[in-house]
$ cat input-v9.cif   # mmCIF, C-alpha atoms and all ligand atoms
data_entry
loop_
_atom_site.label_atom_id
_atom_site.label_comp_id
_atom_site.auth_asym_id
_atom_site.auth_seq_id
_atom_site.Cartn_x
_atom_site.Cartn_y
_atom_site.Cartn_z
CA MET A 212 0.90 25.71 7.90
CA PRO A 213 1.76 22.25 6.56
CA LYS A 214 3.61 22.50 3.26
CA VAL A 215 3.85 18.91 2.13
CA LYS A 216 1.15 16.23 2.15
CA VAL A 217 2.65 12.84 3.01
CA ALA A 218 0.93 9.55 2.13
CA THR A 219 2.05 5.96 2.46
CA CYS A 220 0.61 2.56 1.51
CA TRP A 221 1.45 -1.05 2.23
CA ASP A 222 0.56 -4.14 0.26
CA ASP A 223 -0.66 -7.70 0.68
CA GLY A 224 -2.22 -7.80 4.18
CA VAL A 225 0.63 -9.53 5.96
CA THR A 226 0.99 -10.23 9.67
CA THR A 227 4.00 -7.91 9.96
CA ASP A 228 1.51 -5.08 9.27
CA ILE A 229 0.46 -5.42 12.92
CA ARG A 230 3.85 -4.18 14.09
CA LEU A 231 3.87 -1.48 11.41
CA ILE A 232 0.45 -0.28 12.58
CA ALA A 233 1.75 0.11 16.14
CA LEU A 234 4.44 2.43 14.73
CA LEU A 235 1.92 4.36 12.64
CA HIS A 236 -0.19 4.92 15.75
CA LYS A 237 2.87 6.01 17.72
CA TYR A 238 3.60 8.76 15.18
CA ASN A 239 -0.04 9.61 14.34
CA ALA A 240 0.63 8.67 10.73
CA LYS A 241 -2.05 7.86 8.20
CA ALA A 242 -1.70 4.92 5.81
CA THR A 243 -3.60 2.86 3.27
CA PHE A 244 -3.38 -0.94 3.23
CA ASN A 245 -3.87 -2.72 -0.09
CA LEU A 246 -5.52 -6.05 0.62
CA ASN A 247 -6.30 -9.23 -1.32
CA PRO A 248 -8.93 -10.85 0.91
CA GLY A 249 -9.30 -13.98 -1.23
CA SER A 250 -5.79 -15.00 -0.18
CA ALA A 251 -6.33 -14.41 3.54
CA PRO A 252 -6.82 -17.32 5.96
CA GLN A 253 -9.63 -17.28 8.52
CA PHE A 254 -7.20 -16.77 11.40
CA THR A 255 -4.07 -14.64 11.40
CA ASP A 256 -0.97 -16.77 11.07
CA SER A 257 2.42 -16.01 12.56
CA PRO A 258 5.60 -15.03 10.71
CA THR A 259 7.98 -17.97 10.26
CA TRP A 260 11.21 -18.83 8.48
CA LYS A 261 11.43 -21.63 5.97
CA THR A 262 13.10 -24.80 7.08
CA ALA A 263 15.17 -27.18 4.98
CA GLY A 264 13.35 -28.74 2.05
CA GLU A 265 10.38 -26.34 2.08
CA ASN A 266 9.15 -24.86 -1.19
CA GLY A 267 6.80 -21.95 -1.75
CA TRP A 268 6.82 -18.15 -1.60
CA SER A 269 9.01 -16.33 0.86
CA ARG A 270 11.11 -13.18 1.03
CA PHE A 271 14.70 -14.39 1.48
CA GLY A 272 13.24 -17.36 3.37
CA PHE A 273 11.00 -15.18 5.56
CA ARG A 274 7.28 -15.90 5.54
CA PRO A 275 5.44 -12.95 7.05
CA GLY A 276 2.07 -14.66 7.54
CA LYS A 277 -1.28 -13.17 6.54
CA VAL A 278 -3.79 -11.25 8.61
CA GLY A 279 -6.87 -13.47 8.95
CA LEU A 280 -10.32 -12.49 7.71
CA ARG A 281 -11.63 -12.49 11.27
CA ASP A 282 -9.03 -9.93 12.29
CA LEU A 283 -9.15 -7.56 9.29
CA LYS A 284 -11.36 -4.99 10.95
CA ALA A 285 -9.51 -5.07 14.27
CA VAL A 286 -6.11 -4.72 12.60
CA TYR A 287 -6.87 -2.22 9.81
CA GLY A 288 -9.99 -0.46 11.12
CA ASP A 289 -8.17 2.82 11.91
CA PHE A 290 -6.74 3.10 8.38
CA CYS A 291 -7.84 3.24 4.76
CA VAL A 292 -7.96 -0.04 2.88
CA ALA A 293 -7.95 -0.53 -0.90
CA SER A 294 -8.42 -3.33 -3.40
CA HIS A 295 -5.30 -5.25 -4.37
CA ASN A 296 -7.49 -7.78 -6.21
CA TRP A 297 -9.24 -10.80 -4.75
CA ARG A 298 -6.27 -13.14 -4.92
CA HIS A 299 -3.59 -10.79 -6.26
CA GLU A 300 -4.66 -11.42 -9.90
CA THR A 301 -2.07 -9.74 -12.13
CA VAL A 302 -2.44 -8.20 -15.59
CA GLY A 303 -1.12 -10.62 -18.20
CA ARG A 304 -1.56 -13.68 -15.97
CA CYS A 305 -5.38 -13.70 -16.22
CA THR A 306 -7.98 -12.36 -18.63
CA ASP A 307 -9.06 -8.74 -18.35
CA GLN A 308 -12.52 -9.94 -17.29
CA GLU A 309 -11.02 -12.06 -14.50
CA PHE A 310 -8.89 -9.09 -13.52
CA ILE A 311 -11.73 -6.62 -13.17
CA LYS A 312 -13.93 -9.15 -11.34
CA ALA A 313 -11.09 -9.66 -8.86
CA ALA A 314 -10.68 -5.88 -8.40
CA VAL A 315 -14.39 -5.32 -7.80
CA ASP A 316 -14.88 -8.43 -5.62
CA ALA A 317 -12.08 -7.31 -3.28
CA ARG A 318 -13.48 -3.79 -3.14
CA LYS A 319 -17.01 -5.03 -2.33
CA PHE A 320 -15.68 -7.35 0.35
CA LEU A 321 -13.67 -4.52 1.94
CA GLU A 322 -16.60 -2.09 1.77
CA ASP A 323 -18.85 -4.66 3.48
CA THR A 324 -16.23 -5.47 6.11
CA PHE A 325 -15.17 -1.90 6.91
CA GLN A 326 -18.48 -0.19 6.14
CA LYS A 327 -16.86 2.63 4.19
CA PRO A 328 -16.10 3.39 0.54
CA CYS A 329 -12.86 1.85 -0.76
CA PRO A 330 -12.29 3.37 -4.22
CA GLY A 331 -8.52 2.94 -4.20
CA PHE A 332 -6.48 0.31 -6.02
CA ALA A 333 -2.90 -0.95 -6.08
CA TRP A 334 -1.74 -2.86 -9.16
CA PRO A 335 -0.61 -6.39 -8.24
CA CYS A 336 3.07 -6.71 -9.17
CA GLY A 337 2.84 -3.19 -10.61
CA VAL A 338 1.64 -4.46 -14.00
CA VAL A 339 -0.65 -1.99 -15.80
CA SER A 340 -2.40 -2.02 -19.20
CA PRO A 341 -4.56 0.57 -21.00
CA GLU A 342 -7.43 -1.95 -21.20
CA THR A 343 -7.50 -2.62 -17.47
CA ILE A 344 -7.13 1.11 -16.67
CA ALA A 345 -10.31 1.64 -18.71
CA LEU A 346 -12.09 -1.17 -16.83
CA LEU A 347 -11.11 0.29 -13.45
CA HIS A 348 -12.41 3.70 -14.60
CA GLU A 349 -15.72 2.13 -15.68
CA ASN A 350 -16.07 0.55 -12.25
CA GLY A 351 -15.49 3.75 -10.31
CA PHE A 352 -11.98 3.28 -8.99
CA GLN A 353 -10.34 6.64 -8.31
CA TYR A 354 -6.64 5.82 -8.34
CA GLY A 355 -4.30 2.88 -8.90
CA ARG A 356 -0.78 2.81 -7.53
CA THR A 357 1.95 1.53 -9.81
CA CYS A 358 5.45 0.41 -8.77
CA LYS A 359 7.08 3.23 -10.74
CA TYR A 360 8.54 6.38 -9.27
CA SER A 361 8.25 10.08 -10.06
CA GLU A 362 10.14 13.03 -8.64
CA ASP A 363 6.89 15.02 -8.75
CA ILE A 364 3.87 12.73 -8.37
CA THR A 365 1.41 15.61 -8.89
CA THR A 366 2.16 15.84 -12.61
CA CYS A 367 0.39 12.47 -13.05
CA GLU A 368 -2.23 12.70 -15.80
CA GLU A 369 -3.85 9.32 -15.13
CA PRO A 370 -4.81 8.73 -11.47
CA LEU A 371 -5.25 5.02 -12.25
CA ALA A 372 -1.53 4.90 -13.02
CA LEU A 373 -0.35 6.86 -10.01
CA ASN A 374 3.35 6.65 -9.27
CA SER A 375 4.86 7.11 -5.84
CA ASN A 376 8.03 9.04 -4.98
CA CYS A 377 9.89 6.04 -3.62
CA HIS A 378 9.92 2.76 -1.76
CA PHE A 379 10.40 2.90 2.01
CA LEU A 380 13.80 1.20 1.71
CA ASP A 381 15.05 3.67 -0.91
CA ASP A 382 18.64 4.59 -0.10
CA ASN A 383 17.86 8.24 -0.83
CA PHE A 384 14.57 8.34 1.08
CA TYR A 385 15.36 11.51 3.05
CA GLU A 386 16.72 13.36 0.04
CA LYS A 387 13.66 12.38 -2.02
CA PHE A 388 11.35 13.57 0.74
CA GLN A 389 13.11 16.93 1.02
CA ASN A 390 13.05 17.32 -2.76
CA ALA A 391 9.32 16.47 -2.91
CA LYS A 392 8.52 19.37 -0.60
CA LYS A 393 8.69 21.78 -3.50
CA TYR A 394 5.90 19.86 -5.23
CA GLY A 395 3.69 19.67 -2.13
CA ALA A 396 3.32 15.88 -1.96
CA PHE A 397 5.42 12.89 -0.92
CA TYR A 398 4.16 9.32 -1.33
CA PHE A 399 6.08 6.18 -0.38
CA TRP A 400 5.08 2.53 -0.24
CA GLY A 401 6.27 -0.95 0.58
CA HIS A 402 5.51 -4.29 2.17
CA SER A 403 6.04 -4.58 5.92
CA TYR A 404 7.52 -8.06 5.29
CA GLU A 405 10.50 -6.37 3.66
CA THR A 406 11.74 -5.64 7.20
CA LEU A 407 12.19 -9.44 7.46
CA ASN A 408 11.38 -8.83 11.15
CA TYR A 409 15.03 -7.81 11.42
CA GLU A 410 15.46 -5.23 14.17
CA PRO A 411 17.78 -2.81 12.32
CA LEU A 412 15.30 -2.63 9.44
CA TRP A 413 12.38 -1.98 11.80
CA GLN A 414 14.49 0.72 13.46
CA GLN A 415 15.24 2.33 10.08
CA LEU A 416 11.54 2.35 9.27
CA GLU A 417 10.65 3.82 12.66
CA TYR A 418 13.28 6.52 12.22
CA LYS A 419 11.73 7.51 8.88
CA LEU A 420 8.24 7.75 10.38
CA ALA A 421 9.58 9.79 13.30
CA TYR A 422 11.53 12.05 10.95
CA LEU A 423 8.38 12.79 8.93
CA ALA A 424 6.16 13.14 11.99
CA ASN A 425 8.54 15.62 13.62
CA ASP A 426 8.78 17.83 10.54
CA PRO A 427 6.46 20.84 11.00
CA ASP A 428 6.02 21.04 7.20
CA VAL A 429 4.34 17.62 7.09
CA GLU A 430 0.64 16.88 6.96
CA TRP A 431 -0.21 13.16 6.84
CA VAL A 432 -2.96 12.37 4.33
CA ASP A 433 -4.55 9.24 2.91
CA VAL A 434 -3.60 8.17 -0.60
CA ILE A 435 -7.11 9.04 -1.82
CA ASP A 436 -6.44 12.65 -0.74
CA LEU A 437 -3.62 12.88 -3.28
CA VAL A 438 -6.04 12.51 -6.18
CA SER A 439 -7.31 16.09 -5.87
CA LEU A 440 -3.70 17.36 -6.09
CA LEU A 441 -3.00 15.75 -9.46
CA HIS A 442 -2.73 18.00 -12.48
CA LYS A 443 -5.32 16.76 -14.89
ZN ZN B 501 1.01 -7.29 -3.86
#

$ encode --input "input-v9.cif" --output "structure tokens" --more "lines below"
Ligand SMILES: [Zn+2]
Amino acid sequence: MPKVKVATCWDDGVTTDIRLIALLHKYNAKATFNLNPGSAPQFTDSPTWKTAGENGWSRFGFRPGKVGLRDLKAVYGDFCVASHNWRHETVGRCTDQEFIKAAVDARKFLEDTFQKPCPGFAWPCGVVSPETIALLHENGFQYGRTCKYSEDITTCEEPLALNSNCHFLDDNFYEKFQNAKKYGAFYFWGHSYETLNYEPLWQQLEYKLAYLANDPDVEWVDVIDLVSLLHK
């Protein structure tokens, strides 16, 4: 009998997700991808590195590319997807009305594209407010992942401010997983671009997925499945 439900989610709809998804398939792992379709190009663009004189967002100079709108279903169709706002609108950088419109617009777009309910949410930049939690509730969202961490995620009283156990690059990932077994749930998250397409980091991530997949105590679940475990 599985003793610990394991969930994972990945943000921003980046091209490096394609390599991550191949690993998830290899280990029969479930995952949820938090997408902001208003920021996606029509066609998937390739990861690149910045060259001299270039400005704009990168992770240590790495630009992971975005999965194109035309490829969303082909890339993510075997997994859950959730709203990460239309264009990554963040609490405090827009009005609450703009925020909730962005949350709902992304959800509607994903539900049309994938033809399934998408009641999950991930807070852009992890910024949460009581007012926007109330708006997400009113609009039927069932959970919202923060960027905070809990030793026992099941003690969460507000599913719209759901913490995870750790980030995938956490130095104590294995210890945190083993410790979470006694609570029955382990949830980790990240961005696939944080591998920087650097082979040792991909190998570390693959080792973690293999470690979980080979543990007879593990049952992979979707993030939405965690909601019923939360103590209300
Ligand atoms: Zn994000």

$ closest_residue --input "input-v9.cif" --among "A:Lys319, A:His299, A:Arg356, A:His442" --to "ligand ZN 501 (chain B)" --atoms "all atoms listed in the file"
A:His299

$ axis_aligned_box --input "input-v9.cif" --around "region 297-301 of chain A" --padding-each-side "6 Å" --output "JSON"
{"center_x": -5.7, "center_y": -11.4, "center_z": -8.4, "size_x": 19.2, "size_y": 15.4, "size_z": 19.4}

$ residues_around --input "input-v9.cif" --residues "Gly279 (chain A)" --least-positions-apart "2" --cutoff "6 Å" --atoms "all atoms listed in the file" --output "ChimeraX atom specification"
/A:251-255,281-282

$ closest_atom_pairs --input "input-v9.cif" --of "chain A" --to "ligand ZN 501 (chain B)" --cutoff "6 Å" --atoms "only C-alpha atoms and all ligand atoms" --output "JSON lines"
{"residue": "A:Asp222", "atom": "CA", "partner": "B:ZN501", "partner_atom": "ZN", "distance": 5.2}
{"residue": "A:Asp223", "atom": "CA", "partner": "B:ZN501", "partner_atom": "ZN", "distance": 4.9}
{"residue": "A:Pro335", "atom": "CA", "partner": "B:ZN501", "partner_atom": "ZN", "distance": 4.8}
{"residue": "A:Cys336", "atom": "CA", "partner": "B:ZN501", "partner_atom": "ZN", "distance": 5.7}

$ residues_around --input "input-v9.cif" --residues "region 380-394 of chain A" --least-positions-apart "5" --cutoff "12 Å" --atoms "only C-alpha atoms" --output "MDAnalysis selection string"
chainID A and resid 213:218 360:366 375 399:406 412:423 426:430 437 440:442

$ closest_atom_pairs --input "input-v9.cif" --of "region 253-307 of chain A" --to "region 236-245 of chain A" --cutoff "6 Å" --atoms "only C-alpha atoms" --output "tab-separated table"
residue	atom	partner	partner_atom	distance
A:Phe290	CA	A:Ala242	CA	5.9
A:Cys291	CA	A:Thr243	CA	4.5
A:Val292	CA	A:Phe244	CA	4.7
A:Ala293	CA	A:Asn245	CA	4.7
A:Ser294	CA	A:Asn245	CA	5.7
A:His295	CA	A:Asn245	CA	5.2

$ write_last_selection --input "input-v9.cif" --atoms "C-alpha atoms" --output "PDB file, in the frame of the given file"
ATOM      1  CA  PHE A 290      -6.740   3.100   8.380  1.00  0.00           C
ATOM      2  CA  CYS A 291      -7.840   3.240   4.760  1.00  0.00           C
ATOM      3  CA  VAL A 292      -7.960  -0.040   2.880  1.00  0.00           C
ATOM      4  CA  ALA A 293      -7.950  -0.530  -0.900  1.00  0.00           C
ATOM      5  CA  SER A 294      -8.420  -3.330  -3.400  1.00  0.00           C
ATOM      6  CA  HIS A 295      -5.300  -5.250  -4.370  1.00  0.00           C
TER       7      HIS A 295
END

$ residues_around --input "input-v9.cif" --residues "region 264-269 of chain A" --least-positions-apart "5" --cutoff "12 Å" --atoms "all atoms listed in the file" --output "MDAnalysis selection string"
chainID A and resid 225 258:259 274:276 404:405 407

$ write_last_selection --input "input-v9.cif" --atoms "C-alpha atoms" --output "compact mmCIF listing (two decimals), in the coordinates of the input"
# COMPACT_ATOMS: atom_id res chain seq x y z
CA VAL A 225 0.63 -9.53 5.96
CA PRO A 258 5.60 -15.03 10.71
CA THR A 259 7.98 -17.97 10.26
CA ARG A 274 7.28 -15.90 5.54
CA PRO A 275 5.44 -12.95 7.05
CA GLY A 276 2.07 -14.66 7.54
CA TYR A 404 7.52 -8.06 5.29
CA GLU A 405 10.50 -6.37 3.66
CA LEU A 407 12.19 -9.44 7.46

$ atom_distance --input "input-v9.cif" --atom1 "CA of Ser340 (chain A)" --atom2 "CA of Ala313 (chain A)"
15.5 Å

$ atom_distance --input "input-v9.cif" --atom1 "CA of Ala372 (chain A)" --atom2 "CA of Thr357 (chain A)"
5.8 Å

$ atom_distance --input "input-v9.cif" --atom1 "CA of Leu373 (chain A)" --atom2 "CA of Gln353 (chain A)"
10.1 Å

$ closest_residue --input "input-v9.cif" --among "A:Gly395, A:Pro411, A:Gly331, A:Gly249" --to "Ala317 (chain A)" --atoms "all atoms listed in the file"
A:Gly249

$ residues_around --input "input-v9.cif" --residues "Ala314 (chain A)" --least-positions-apart "6" --cutoff "12 Å" --atoms "only C-alpha atoms" --output "MDAnalysis selection string"
chainID A and resid 245:249 293:302 307:308 320:321 329:335 343:344 346:352 355

$ closest_residue --input "input-v9.cif" --among "A:Asn408, A:Ser439, A:Gln326, A:Thr306" --to "Glu368 (chain A)" --atoms "all atoms listed in the file"
A:Ser439

$ build_atoms --input "input-v9.cif" --residues "region 281-296 of chain A" --atoms "N, CA and C atoms" --output "tab-separated table (two decimals), in the frame of the given file"
chain	number	residue	atom	x	y	z
A	281	ARG	N	-10.95	-12.86	10.03
A	281	ARG	CA	-11.63	-12.49	11.27
A	281	ARG	C	-11.00	-11.30	11.96
A	282	ASP	N	-9.76	-11.00	11.61
A	282	ASP	CA	-9.03	-9.93	12.29
A	282	ASP	C	-8.88	-8.66	11.44
A	283	LEU	N	-9.39	-8.70	10.20
A	283	LEU	CA	-9.15	-7.56	9.29
A	283	LEU	C	-9.60	-6.24	9.91
A	284	LYS	N	-10.82	-6.26	10.45
A	284	LYS	CA	-11.36	-4.99	10.95
A	284	LYS	C	-10.59	-4.52	12.19
A	285	ALA	N	-10.25	-5.45	13.06
A	285	ALA	CA	-9.51	-5.07	14.27
A	285	ALA	C	-8.13	-4.54	13.93
A	286	VAL	N	-7.49	-5.13	12.93
A	286	VAL	CA	-6.11	-4.72	12.60
A	286	VAL	C	-6.11	-3.42	11.81
A	287	TYR	N	-6.97	-3.33	10.76
A	287	TYR	CA	-6.87	-2.22	9.81
A	287	TYR	C	-7.95	-1.15	10.00
A	288	GLY	N	-8.80	-1.32	10.99
A	288	GLY	CA	-9.99	-0.46	11.12
A	288	GLY	C	-9.69	1.02	11.26
A	289	ASP	N	-8.51	1.39	11.74
A	289	ASP	CA	-8.17	2.82	11.91
A	289	ASP	C	-7.56	3.43	10.66
A	290	PHE	N	-7.46	2.64	9.58
A	290	PHE	CA	-6.74	3.10	8.38
A	290	PHE	C	-7.62	2.92	7.14
A	291	CYS	N	-7.18	3.50	6.03
A	291	CYS	CA	-7.84	3.24	4.76
A	291	CYS	C	-7.41	1.86	4.25
A	292	VAL	N	-8.31	1.20	3.55
A	292	VAL	CA	-7.96	-0.04	2.88
A	292	VAL	C	-8.37	0.10	1.41
A	293	ALA	N	-7.69	-0.62	0.54
A	293	ALA	CA	-7.95	-0.53	-0.90
A	293	ALA	C	-7.80	-1.90	-1.53
A	294	SER	N	-8.46	-2.05	-2.68
A	294	SER	CA	-8.42	-3.33	-3.40
A	294	SER	C	-7.03	-3.58	-3.99
A	295	HIS	N	-6.55	-4.79	-3.75
A	295	HIS	CA	-5.30	-5.25	-4.37
A	295	HIS	C	-5.61	-6.58	-5.08
A	296	ASN	N	-6.87	-6.63	-5.55
A	296	ASN	CA	-7.49	-7.78	-6.21
A	296	ASN	C	-7.79	-8.92	-5.24
